[in-house]
Each structure stands twice: as C-alpha cells, then as structure tokens.
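K.L.:
Okay, handing you the structure first.
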Amino acid sequence: MSDERAIDESAVDGRVVDDLARDPFARLRQFTRARIGLGRTGDALPTKELLKFQAAASQARDAVHAALDVPALRKALAPRESIDVGSRATDRQTYLLRPDWGRELGNGETELDAERGDYDLVFVIADGLSARAAMHHSVAMLDACTARLKDWAIAPIVLATQARVGLGDAIAQRLGARMVAVLIGERPGLSVADSLGVYLTWSPQPGQADSLRNCISNIHADGLDYERAATLLAWLAQEARQRKLTGTALKPDLSSQAGISDEHSGRLEENT
Amino acid sequence: MAYTAAVGSTNYRFDDLRALMACASPRRSGDELAGLAAGSEEERVAARFALADLPLKTFLDRVMVPYEDDEVTRLIVDTHDAAAFATIAHLTVGEFRDWLLSYEADAAALTALAPGLTPEMVAAVSKLMRNADLIAVAAKCRVVTAFRSTIGLPGTLASRLQPNHPTDDPAGIAAAVLDGLFFGMGDAVIGINPAGDSLSDCITLLKLLDELRQRFDIPMQSCVLSHVTTSVQAIERGAPLDLVFQSVAGTEGANTGFGVNLSLLREAHDAVRSLKRGSVGQQAMYFETGQGSALSAGQHHGVDQQTLEVRAYAVARAFDPLLVNTVVGFIGPEYLYDAKQIIRAGLEDHCCGKLLGLPMGVDVCYTNHAEADQDDMDVLMHLLANAGVNFLIAVPGADDVMLNYQSLSFHDVLGLRHARGLRPAPEFERWLAQMGMLDSRGRLPPPQPGGAPLRRLLGAPTA
C-alpha cells in the first residue's frame, strides 16, 4: 500500500465502522440509483434482489408490447378534436423490425387531408416504444403546452400507433402544419418504463435529418415534470417560429432556460 | 462476377461477392432490413456451398467496398501481409474452415497468420462455422496485451468495471466503482461512458479515477469513453489519461458518422503513446464496435452487417489496442432481433476479432425491446468463457442506469470466474490478495461485515 493511512483502522471514526457493519453501502446509495450493495449469496444475487430485478424488467417488457388505448385517449382529449392514424407497420413485431415503416403513414391520410389547413403547430401523440408513457403523460403534457401557446393556430391532435418520431413529418406535411411536436413513449429502462419524450421539428420533410430536431426527454413521475417540460417546449417553439429552424442551431442553454439538467436535454436515438 | 450453386433441384445465382456473403450469413434482422439477406433457408445454404468453394485469394483481388471511395478498404489492402498469408494462400474458404479446426492450427500458427488475414476472409469463414466452431477456434487464439495489468493470459478472465451515472455525478460513480472492486472487477479497465461530452467533465472524471487508483495503489487503467477529440484535448491539458477510447465502424462513411477518420485516430494514438503511463505495457487504445452501426448510419455499401463489423476490427488493429469489445446487443432488434441472433453475433464478433489478432472482449447485453433477457446473457457469458474471451463488461446489478440497457452484473462475472476456475489479471489479483479480499483458494468470497477490506475501501472518504 502506498497510503498507510487508508489501512490505519484507528483513523476510521466509530460511527462509520458501525454503518459499515450493518450495511456497508448505506452511505453510498444516496449518490446513485445504480444497483449497488445488493449483497451476495455465494456469488449470486440474493432471492429478493433477483426478483426485484425481474419485476423491473417485466414492467419494461410489458411497456414495449402494450398497445395505445386510442378510444381512452380520445375521450381524455375531448372536446378537442383528434385524428387517428397508423404507420405502415401494422403490428408490434413489424414495428420493431422495420423502423423505416414506422416513419411512413399506413392509414389516416384521408382523415388528415380532410382537416388540412394553415397551422403553426401540430401535436402528435405516438406510442413509440412505450404506449404506457403516452397513456400516462401525454394529455397532461399537452395541456401544459397549449396553455403556453394561446395565440397559436394549433391543428387537431393526431393519435398515431406503431409510430416513430419521423411519422410526425408525414403527418405535418399532410395537414399543412409548419411545425410538429411528437409526444412519444421512450425506450423503457429498468428504472422507468413510462418515460415520455417530445421531439420538435420545424418545416418537417420526409427523410428529415435528426440533427434538425430538438428533443426533451425523461418526462415521467421521477424525472422532468410537465410544467418545466412545457416551459422548455414553448420556448423552443417560439424560437423556432421566429428563427424558422429547429435542431442543433437552436440548442437552448437548458440550465438557464428551465433549470433542466443535461439528463433531460435528450439524445436523438432509437425512437427516431 | 456472379456465383452459382444448386441445392436440391434449384440453381441459385448470386450477382456479386457482396450478395454471396450476405446470403451466406446466418439470419439476422439487420440484413433483412437492408434487403440483403437470403430469401429462404435453402438459398442461404446454397450461398454457403458457393462460398465454401471460393478461393481465399478472391478477397485480395475483389474488394467489397471500393478502394478509391473508402479509406478502410485502403487500410486493409495496403497493410495486408502477403508473406503471412502465403501459408494458406492455396485454400478455399471451406478448406480454410477445416484448417482452422485442425490440430495444426494452434495458438502459434494462428498468431503468425493474423497479419495475413483480411476482415473479409475472416467474415467469410465464420459464415461456414457453427457456434461450437466459433468457440473452438477462438479458444485456440492467444492475444495478450498490457498497460498496468496484463490481459488475455491463459486461465484468466478480466472485466471492465462500468460505473456509469445519468449525470456523471462523481460521488455516484465512485460508489459504483467501490461496489465493483468488492467483486474483483476492473482489471481490464474502469471505464465510464460519460453522459455529456464536455472536456471539463471528462477531466473531472479522469482525475477522480486516477486519485482512486493512487489512493489504493490499484494496478489498473481507467478510461472516460469520450470522443477521441475530447481525449486528445484532455491530454493537451495534462489530464491523467490512461487510455484513448473511440467507437469505430467498418466503412469510412460510418466512421465519419462517429466523427472520426484514420488520421484523427493516428493523432490520438501518437498523443497517448507519448504519455507512457503504463507500467507492464504501453498499449493505450480502447475501441468499441457493434454489428449494424454502418447500416444505421446509411453507410453499408450493400455489404452485410457481420462483414462490416469485421472490417471495423481492421481499423482497431491498426492502432495496437489494449482492449476491443463488441457491444453486441446494444443496437436493438432491427439489427439483432432476439437472443439467438445476439448470441450468434457475440460468438462471431469474438472469434473474428481474435483471428485478426485483437484483444477481444464482449459487452454481453440487450435492450428491453429485443427478444432477450438475463437468462440469455447467462448462456452467452458461459459460451464466451469457453471461447477464452479476454474480458467482459460488468455494471452494478446488470442495470446501466445511464445508457438504459442491461449488461452483466458484477455477480455474474465473479460467479463465472469461480465456476470456470478463471482468475483476474495477475497484477490485479495480487492487489486483491494484498487487500485481504481473496480466500486461501484464491476465490473472492462475500466481504465480512466490518472486515478489513470494507474498512479500507469504504472507510475512506469518497469524492
């Protein structure tokens, strides 16, 4: 040992030694939600921790395969108008295997054409990789956003199934909206299975580069709350309308904008 | 030039080498997504018949990605060692498989051959190999590298301790590192994937790990897996940087998507070598790869994802790396749909990397939208231990709270070592013994409550 003090037992104070005897990791757990100090039976996880992991994994798996309850969402949104559309991927397996089809409209074109107009913005509620996230958070998030965009021409809300972020581009084009905000379920992790992301795109075109979008991620009960997320979205939308762009050029100083850490500034990854 | 083969009463035709290789590949979703895969199981086997008869020399005459368009192809062609290749120059791909599995192909022969192999030859032969062949051939390869620990020695299994944190909180990262040390993890590297890519955060984390290393006198190397340009800047600022990391892919276009090229990698390699921070060795580059990255970037040139993955190893090989690993199940089900495909890809990547002379490790992992779970990872880690994998990635409780995917846990890798009688890297094992963490049989038992190792490591203040 190069540092003799580190192994001098008398240098360790009594309280710390007591904690170490009871639960060596008690003091460290406050610093991370990583699964540290789980204990061991032989080399393996104790039964309780084994099952806790399986419970989290089961919620994530179920969230991936759950379906968007469109009638329930429509009811929750009433009296606001909504339009149902679906991507070219008609079932979950196809959706997972063909991300390109998840960006193409499979049905709902006629309904979109019927509502074509001159809109500043269209909100799309999409299942993405967690329909649960859309079910739990999208309506409240939408309310918080529209309350901040009172003078805006907002299109009827679109409910999209088997959808990737890119489907919003086709929807906005069809409706005649200059900007699209896609509220979409993010890939479930073990700590959160119902995290919502919002992707904002100015002048959306099919084949849109992801670098031309802005993303707000980690909207869920233990993550970013609706009010802060909506404040950020409204700021982005107003800037986008004024500067006629979204994407990396519009990168907000998140910490000063809404007290938001890097954790919520979002990576453009598997959902797009 | 077209290739043909008949199976049963059907004649199959493959328009060029790319089509032949793609159709011969075991089924996987990424090749189907790219529209390159065989249309039927019979067509797949027909492609393998045709591939088996192909002279290995073909791959020197006919490149799969144009030489003039792609610097990875130029690297492969320009650095090919014809003298090393001479011993097998007369073989077809099928005969090469037979030779690889023969007793004649021992560790020394395979090491001597490695510079004579191109990625395309290695990918081709792997397509004719069953999983057991991939394990058997990889197990014969010996690739040993060193920095402050020696990795890849027979009878050892090293680990990367991956203590990620969603906001790069130093105390949170230190907590996960300490947890891992109690399982004997970290002998390959303690490597953090940073949540952001800022230079100041990178330097903060490098200092944290270096202080930890020095405080406990651990024979380890650390790495913050920032972009290569960030690492070079950190070196210029005098940060205590052991290893330069970069994700690499098998085409120039896909590497451009990662923001790198061979010249940037050369510059970084020169910079990190000049530091000479190693003790038992000076190999200081760390690369990660994964099937599907080129297609994901739209830069696959009509080549199947497994061949492109092996081309990424040619990039890694040019920089004498300490560590290379495939992050096999990370990319998602559109490239590797289920556990069968992930397991196969993990064995392919490991074997092909080893044949090219790389110190291969594997991140045995999956995402929640793939058809796989922890039971499948158990299977793959045991297969890889049989195949002699140099190192495995381990995270607390198998749950990476920053990257949101599941890998192996500290428990898994320690249990695997004990089950197979494998040991940590020797320098690291001596440190574990000095810390009082090993029992009389060299195993690492659960720490005694209030015991000396716990007091030594956890009694000290963290970050």
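FYI, nothing fancy with the structure tokens labels: chains A, B, ... in order, residues from 1 per chain, ligands from 1 as they appear.
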Can you tell me which residues surround Ile135 of chain B at a distance of at most 9 Å, considering only C-alpha atoms, apart from same-chain residues fewer than 2 positions away, and format the answer as a PyMOL selection string?

P.N.:
chain B and resi 130-133+137-140+347-348+350-351+383-384+386-388

K.L.:
Glu186 of chain A: which residues within 10 Å, counting only C-alpha atoms, same-chain residues fewer than 4 positions away excluded, as a list in words?

P.N.:
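That gives Ala63, Val64, Asp127, Gly128, Leu129, Ser130, Ala131, Arg132, Ala133, Ala134, Val192, Ala193, Asp194, Ser195, Leu196, Gly197, Val198, Ser217, Asn218, Ile219, Glu269, Glu270 and Asn271 of chain A.
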
K.L.:
Taking the DSSP assignment computed from this structure's backbone, write out as a PyMOL selection string all residues of segment 270-444 of chain B that belong to helix (DSSP H, G or I).

P.N.:
chain B and resi 270-275+293-296+305-317+339-355+374-386+396-398+410-420+426-434

K.L.:
Counting only C-alpha atoms, a student should be able to say which residues of chain B come within 8 Å of chain A; what is the right answer, written as number ranges by chain?

P.N.:
B: 29, 33, 165-167, 169, 171-173, 175-176, 179, 195-196, 214-217, 333-335, 337, 368-369, 396-397, 399-401, 404-405, 411-412, 414-415, 445-446, 449-450, 454-460

K.L.:
For Thr248 of chain A, find every residue with an atom within 8 Å (counting only C-alpha atoms), except residues of its own chain fewer than 3 positions away, and show them as a VMD selection string.

P.N.:
chain A and resid 211 to 214 251

K.L.:
Restrict the selected residues to C-alpha atoms and save them as an mmCIF file, in the first residue's frame.

P.N.:
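So the final result, stored in out_27.cif, reads:
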data_model
loop_
_atom_site.group_PDB
_atom_site.id
_atom_site.type_symbol
_atom_site.label_atom_id
_atom_site.label_comp_id
_atom_site.auth_asym_id
_atom_site.auth_seq_id
_atom_site.Cartn_x
_atom_site.Cartn_y
_atom_site.Cartn_z
ATOM 1 C CA SER A 211 -29.911 16.850 -36.202
ATOM 2 C CA LEU A 212 -32.683 19.234 -37.323
ATOM 3 C CA ARG A 213 -34.922 18.273 -34.389
ATOM 4 C CA ASN A 214 -34.947 19.313 -30.748
ATOM 5 C CA LYS A 251 -29.713 24.426 -28.721
#

K.L.:
Quick one: residues within 9 Å of Tyr12 of chain B, only C-alpha atoms, excluding same-chain residues fewer than 2 positions away - as a list of chain:residue names?

P.N.:
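Within the cut-off, the hits are B:Tyr3, B:Thr4, B:Ala5, B:Ala6, B:Val7, B:Thr10, B:Phe14, B:Glu43, B:Ala46, B:Ala47.
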
K.L.:
Write to file, as a short mmCIF file (atom, residue, chain, number, x, y, z; two decimals), in the first residue's frame, the residues of the selection just made, with C-alpha atoms.

P.N.:
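Now in selection_17.cif:
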data_model
loop_
_atom_site.label_atom_id
_atom_site.label_comp_id
_atom_site.auth_asym_id
_atom_site.auth_seq_id
_atom_site.Cartn_x
_atom_site.Cartn_y
_atom_site.Cartn_z
CA TYR B 3 -21.59 -17.11 -58.28
CA THR B 4 -23.90 -20.08 -58.54
CA ALA B 5 -24.77 -23.17 -56.53
CA ALA B 6 -27.51 -25.77 -56.64
CA VAL B 7 -29.35 -27.24 -53.68
CA THR B 10 -32.88 -25.37 -57.58
CA PHE B 14 -25.53 -14.57 -56.52
CA GLU B 43 -30.84 -20.08 -50.61
CA ALA B 46 -26.69 -22.57 -51.43
CA ALA B 47 -24.71 -19.40 -50.80
#

K.L.:
Could you work out how far atom CA of His269 of chain B lies from atom CA of Gly152 of chain B, giving the answer in Å with one decimal?

P.N.:
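Those two atoms sit 21.5 Å apart.
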
K.L.:
Apply DSSP to the structure's backbone, then extract all residues of segment 153-202 of chain B labelled strand (DSSP E or B) and return them as a PyMOL selection string.

P.N.:
chain B and resi 156+158-161+189-192

K.L.:
What would the file look like if the residues just selected were written as an mmCIF file, in the first residue's frame with C-alpha atoms?

P.N.:
data_model
loop_
_atom_site.group_PDB
_atom_site.id
_atom_site.type_symbol
_atom_site.label_atom_id
_atom_site.label_comp_id
_atom_site.auth_asym_id
_atom_site.auth_seq_id
_atom_site.Cartn_x
_atom_site.Cartn_y
_atom_site.Cartn_z
ATOM 1 C CA THR B 156 -7.705 -15.520 -16.750
ATOM 2 C CA ALA B 158 -10.682 -9.804 -16.938
ATOM 3 C CA SER B 159 -13.526 -7.337 -16.608
ATOM 4 C CA ARG B 160 -14.342 -3.760 -17.417
ATOM 5 C CA LEU B 161 -15.997 -2.124 -14.437
ATOM 6 C CA VAL B 189 -10.301 -1.152 -17.195
ATOM 7 C CA ILE B 190 -12.555 1.022 -15.109
ATOM 8 C CA GLY B 191 -14.381 2.712 -17.954
ATOM 9 C CA ILE B 192 -17.071 5.388 -17.680
#

K.L.:
Taking 4 positions as the minimum chain separation for residues in the same chain, which residues sit within 10 Å of segment 419-426 of chain B when counting only C-alpha atoms? Answer as a short mmCIF file (atom, residue, chain, number, x, y, z; two decimals) with C-alpha atoms, in the first residue's frame.

P.N.:
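Contents of the output file out25.cif:
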data_model
loop_
_atom_site.label_atom_id
_atom_site.label_comp_id
_atom_site.auth_asym_id
_atom_site.auth_seq_id
_atom_site.Cartn_x
_atom_site.Cartn_y
_atom_site.Cartn_z
CA ASP A 43 -21.54 -15.36 -5.87
CA ALA B 146 -0.72 -4.93 -21.17
CA ARG B 148 -0.75 -1.61 -15.77
CA SER B 149 -2.29 -5.09 -15.84
CA THR B 150 -1.78 -7.96 -18.26
CA ILE B 151 -4.95 -9.04 -20.05
CA GLY B 152 -5.64 -12.23 -22.02
CA LEU B 153 -3.30 -14.70 -20.30
CA PRO B 154 -4.47 -18.34 -20.32
CA GLY B 155 -6.67 -19.13 -17.32
CA THR B 156 -7.71 -15.52 -16.75
CA LEU B 157 -10.90 -13.57 -17.34
CA ALA B 158 -10.68 -9.80 -16.94
CA SER B 159 -13.53 -7.34 -16.61
CA GLY B 184 -12.76 -8.03 -8.13
CA MET B 185 -13.95 -6.10 -11.19
CA GLY B 186 -11.94 -3.53 -13.12
CA ASP B 187 -8.80 -5.45 -14.06
CA ALA B 188 -9.28 -4.77 -17.79
CA PRO B 219 -2.73 -1.84 -10.74
CA MET B 220 -5.50 -0.70 -13.09
CA HIS B 382 -20.66 -19.07 -20.37
CA ALA B 385 -15.77 -18.07 -21.19
CA ASN B 386 -15.38 -21.34 -23.08
CA GLY B 388 -11.48 -17.69 -23.95
CA ASN B 390 -10.28 -11.62 -22.78
CA PHE B 391 -12.72 -9.53 -20.79
CA VAL B 413 -18.66 -12.15 -13.89
CA LEU B 414 -17.35 -13.15 -10.46
CA GLY B 415 -19.55 -16.25 -10.48
CA ARG B 430 -2.05 -9.67 -6.30
CA TRP B 431 -3.67 -6.40 -5.28
CA LEU B 432 -6.88 -8.18 -4.30
CA GLY B 442 -7.87 -17.71 -4.47
CA ARG B 443 -11.61 -17.12 -4.56
#

K.L.:
Residues near Trp202 of chain A, anyone? I mean within 12 Å using only C-alpha atoms, not counting same-chain ones fewer than 4 positions away, as a compact mmCIF listing (two decimals) with C-alpha atoms, in the first residue's frame.

P.N.:
# COMPACT_ATOMS: atom_id res chain seq x y z
CA ASP A 120 -48.44 26.87 -36.74
CA LEU A 121 -48.11 23.56 -34.96
CA VAL A 122 -49.49 20.04 -34.78
CA GLY A 168 -44.76 13.24 -37.44
CA ASP A 169 -43.06 14.68 -40.54
CA ALA A 172 -47.46 17.63 -40.53
CA GLN A 173 -46.95 17.80 -44.29
CA ALA A 177 -48.55 22.44 -40.28
CA ARG A 178 -45.31 24.44 -40.18
CA MET A 179 -44.05 22.64 -37.10
CA VAL A 180 -44.65 19.29 -35.41
CA ALA A 181 -44.26 18.25 -31.77
CA VAL A 182 -44.25 14.46 -31.36
CA GLN A 208 -35.66 14.75 -42.11
CA ALA A 209 -32.19 14.65 -40.51
CA ASP A 210 -32.41 14.06 -36.77
CA SER A 211 -29.91 16.85 -36.20
CA LEU A 212 -32.68 19.23 -37.32
CA ARG A 213 -34.92 18.27 -34.39
CA ASN A 214 -34.95 19.31 -30.75
CA LEU A 236 -38.23 26.17 -28.29
CA ALA A 237 -41.43 26.51 -30.34
CA GLN A 238 -41.40 30.30 -30.12
CA GLU A 239 -37.73 30.48 -31.05
CA ALA A 240 -38.33 28.03 -33.91
CA ARG A 241 -41.20 30.08 -35.30
CA GLN A 242 -39.18 33.27 -35.13
CA ARG A 243 -35.92 31.85 -36.50
CA LYS A 244 -37.59 29.32 -38.84
CA LEU A 245 -35.46 26.39 -37.73
CA THR A 246 -35.04 23.64 -35.17
CA GLY A 247 -32.11 21.36 -34.34
CA ALA A 249 -28.65 25.54 -34.16
CA LEU A 250 -31.44 26.09 -31.65

K.L.:
Please provide as a ChimeraX atom specification all residues within 8 Å of Tyr313 of chain B, with the sequence filter that same-chain residues fewer than 4 positions apart are discarded (counting only C-alpha atoms).

P.N.:
/B:119,250,309,317,353,356,358

K.L.:
Just checking: using only C-alpha atoms, which residue out of B:Ser296, B:Leu308, B:Phe319, B:Cys202 ends up closest to Ala268 of chain B?

P.N.:
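Smallest separation from Ala268 of chain B among the options: B:Phe319.
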
K.L.:
Please determine, counting only C-alpha atoms, which residue among B:Glu236, B:Glu252, B:Asp210, B:Asp53 has the shortest atom-to-atom distance to Leu91 of chain B.

P.N.:
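The answer is B:Asp53, which sits nearest to Leu91 of chain B.
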
K.L.:
Which distance in Å separates atom CA of Lys75 of chain A and atom CA of Trp235 of chain A, to one decimal?

P.N.:
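Between atom CA of Lys75 of chain A and atom CA of Trp235 of chain A the gap is 28.7 Å.
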
K.L.:
Between B:Thr92, B:Ser102, B:Gln291, B:Ser440, which has the minimum distance to Ala254 of chain B (counting only C-alpha atoms)?

P.N.:
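Among the listed residues, B:Gln291 lies closest to Ala254 of chain B.
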